Amino acid sequence: MRRIALPIAICLLASYGCAASEESEPAAGGGNTSRGGSPSGLGGSLGVSGTTVTTAGASTGGSGTATGGTGSSTAGTGTTGTAGTTSAGGAGPGDGTCTASAASMGTVPLIDDFEDGNADVTAVDGRIGGWYLSTDMTGSTTPKAGAPVPETGGMPGKAVHVTGSGLTSWGASLSASITPAMGCYDAGKFTGLTVMLKGTGTVWVSVLTAAVRAAREGMRNHFKKQVTLTAEWTPVTITFSELTQPGGWGVIVPFDATKVYGIDFGPLTAPPMPTTYDFWVDNLSFKM
């Protein structure tokens, strides 16, 4: 299958960031902490993490209507969108700006198997983007941050392997973007994800959606599921219906498979103890 190599480490405003995680902090303001957040620094060769851009609910103001002879004009009262049911200043349920959109035909579910040896996802079925590791810049990590290089040891062939120890802030995030900056991908023809995982500890697997991305900083609680890793390669299947916004904090919105922009793998953090992680990812795919 033909692959497209993308320039490494282009900073994508608002969707992701350039140094650590989405908006320079873990998505939803907690990374993969016990609150359940997950950074969405994305990019691989299309590199990411992000500058803060808050998308407020759209303001709509009615226009005044003149009444009777010399009667006065009365301006309609504008309304400001609210974030889900809990946030002020975010996006309303189902909202989320998409500067570019692509829809899956449902013909090629595979997102990446790493056999090409680069950090780009497979440019097929409307998807384009890449992998990126974001960290809180504490402790010791491999790689430190940036587009990971696939290595031998996959299931089969190559896979991505990330490790870290002594991280004292929000932790780390391995993400795959599947759209350009602030883009959206319609994955409505699929029912979930499949992926091969192995390692130690526990990771959050998150599906990143535009409505959560549109929330203000500190309120991005992405849809996710917790997965306990084993020392052997294990196939993991996650349906969209299993994803939740754990803890009920942040912007609470319906899950929208038509506005996906990435997939994230983040180790469960261990405050007050430092976070340690060691995991492999291979054969990421949508599920029919």
# chains A, B, ... in the order shown; residues from 1 in each chain; ligands from 1

$ residues_around --residues "stretch 235-244 of chain A" --least-positions-apart "2" --cutoff "7 Å" --atoms "only C-alpha atoms" --output "list in words"
Thr191, Gly192, Leu193, Thr194, Val195, Met196, Leu197, Phe223, Lys224, Lys225, Trp233 and Pro246 of chain A

$ closest_atom_pairs --of "stretch 234-281 of chain A" --to "stretch 121-130 of chain A" --cutoff "12 Å" --atoms "only C-alpha atoms" --output "tab-separated table"
residue	atom	partner	partner_atom	distance
A:Val260	CA	A:Arg127	CA	10.7
A:Tyr261	CA	A:Arg127	CA	9.3
A:Gly262	CA	A:Gly129	CA	8.9
A:Ile263	CA	A:Gly130	CA	10.4
A:Asp264	CA	A:Gly130	CA	11.6

$ write_last_selection --atoms "N, CA and C atoms" --output "CSV table (one decimal), in the first residue's frame"
chain,number,residue,atom,x,y,z
A,260,VAL,N,-14.4,12.5,14.7
A,260,VAL,CA,-13.2,12.0,15.4
A,260,VAL,C,-12.0,12.6,14.8
A,261,TYR,N,-10.9,12.9,15.6
A,261,TYR,CA,-9.7,13.4,15.0
A,261,TYR,C,-8.4,12.6,15.4
A,262,GLY,N,-8.5,11.7,16.4
A,262,GLY,CA,-7.4,10.9,16.7
A,262,GLY,C,-7.7,9.8,17.7
A,263,ILE,N,-6.6,9.0,18.0
A,263,ILE,CA,-6.7,7.9,19.0
A,263,ILE,C,-5.5,8.1,19.9
A,264,ASP,N,-5.7,7.9,21.2
A,264,ASP,CA,-4.6,8.2,22.2
A,264,ASP,C,-4.5,7.0,23.1

$ residues_around --residues "A:Thr276" --least-positions-apart "2" --cutoff "9 Å" --atoms "only C-alpha atoms" --output "list of chain:residue names"
A:Thr163, A:Gly164, A:Ser165, A:Gly166, A:Leu167, A:Gly171, A:Gly201, A:Pro267, A:Leu268, A:Thr269, A:Ala270, A:Pro274, A:Asp278

$ write_last_selection --atoms "C-alpha atoms" --output "compact mmCIF listing (two decimals), in the first residue's frame"
# COMPACT_ATOMS: atom_id res chain seq x y z
CA THR A 163 8.89 3.69 28.11
CA GLY A 164 9.13 6.15 30.96
CA SER A 165 9.89 6.35 34.68
CA GLY A 166 9.82 9.01 37.38
CA LEU A 167 7.22 11.25 35.70
CA GLY A 171 2.51 11.64 32.55
CA GLY A 201 0.58 -1.50 34.02
CA PRO A 267 -0.48 5.34 30.95
CA LEU A 268 -2.54 5.54 34.11
CA THR A 269 -0.72 7.98 36.37
CA ALA A 270 0.04 7.13 39.99
CA PRO A 274 5.87 8.94 40.07
CA ASP A 278 6.38 0.49 29.33

$ select_by_dssp --residues "stretch 95-161 of chain A" --states "strand (DSSP E or B)" --output "PyMOL selection string"
chain A and resi 100-103+110-112+120+130-135+140-142+146+151-152+158-161

$ write_last_selection --atoms "C-alpha atoms" --output "mmCIF file, in the first residue's frame"
data_model
loop_
_atom_site.group_PDB
_atom_site.id
_atom_site.type_symbol
_atom_site.label_atom_id
_atom_site.label_comp_id
_atom_site.auth_asym_id
_atom_site.auth_seq_id
_atom_site.Cartn_x
_atom_site.Cartn_y
_atom_site.Cartn_z
ATOM 1 C CA ALA A 100 -11.595 20.129 7.198
ATOM 2 C CA SER A 101 -13.713 16.999 7.035
ATOM 3 C CA ALA A 102 -13.330 13.562 5.505
ATOM 4 C CA ALA A 103 -15.690 10.589 5.574
ATOM 5 C CA LEU A 110 -6.439 -0.413 9.188
ATOM 6 C CA ILE A 111 -5.045 2.837 10.629
ATOM 7 C CA ASP A 112 -1.397 1.698 10.963
ATOM 8 C CA ASP A 120 2.757 8.334 9.548
ATOM 9 C CA GLY A 130 0.779 10.508 12.223
ATOM 10 C CA TRP A 131 2.012 9.424 15.630
ATOM 11 C CA TYR A 132 3.440 11.637 18.353
ATOM 12 C CA LEU A 133 4.656 11.013 21.907
ATOM 13 C CA SER A 134 3.999 13.862 24.348
ATOM 14 C CA THR A 135 5.374 13.853 27.897
ATOM 15 C CA SER A 140 13.201 9.704 31.966
ATOM 16 C CA THR A 141 11.388 8.658 28.784
ATOM 17 C CA THR A 142 12.186 6.865 25.524
ATOM 18 C CA GLY A 146 8.185 13.554 19.211
ATOM 19 C CA GLU A 151 11.096 -1.032 15.931
ATOM 20 C CA THR A 152 11.368 -4.799 15.558
ATOM 21 C CA LYS A 158 7.478 -3.643 13.617
ATOM 22 C CA ALA A 159 5.616 -1.781 16.356
ATOM 23 C CA VAL A 160 5.935 1.353 18.487
ATOM 24 C CA HIS A 161 7.486 0.935 21.940
#

$ closest_residue --among "A:Ile252, A:Trp280, A:Asp136, A:Ala181" --to "A:Leu229" --atoms "only C-alpha atoms"
A:Trp280

$ atom_distance --atom1 "atom CA of A:Phe265" --atom2 "atom CA of A:Met105"
25.3 Å

$ closest_residue --among "A:Ala119, A:Met137, A:Met155, A:Ala187" --to "A:Asp256" --atoms "only C-alpha atoms"
A:Ala187
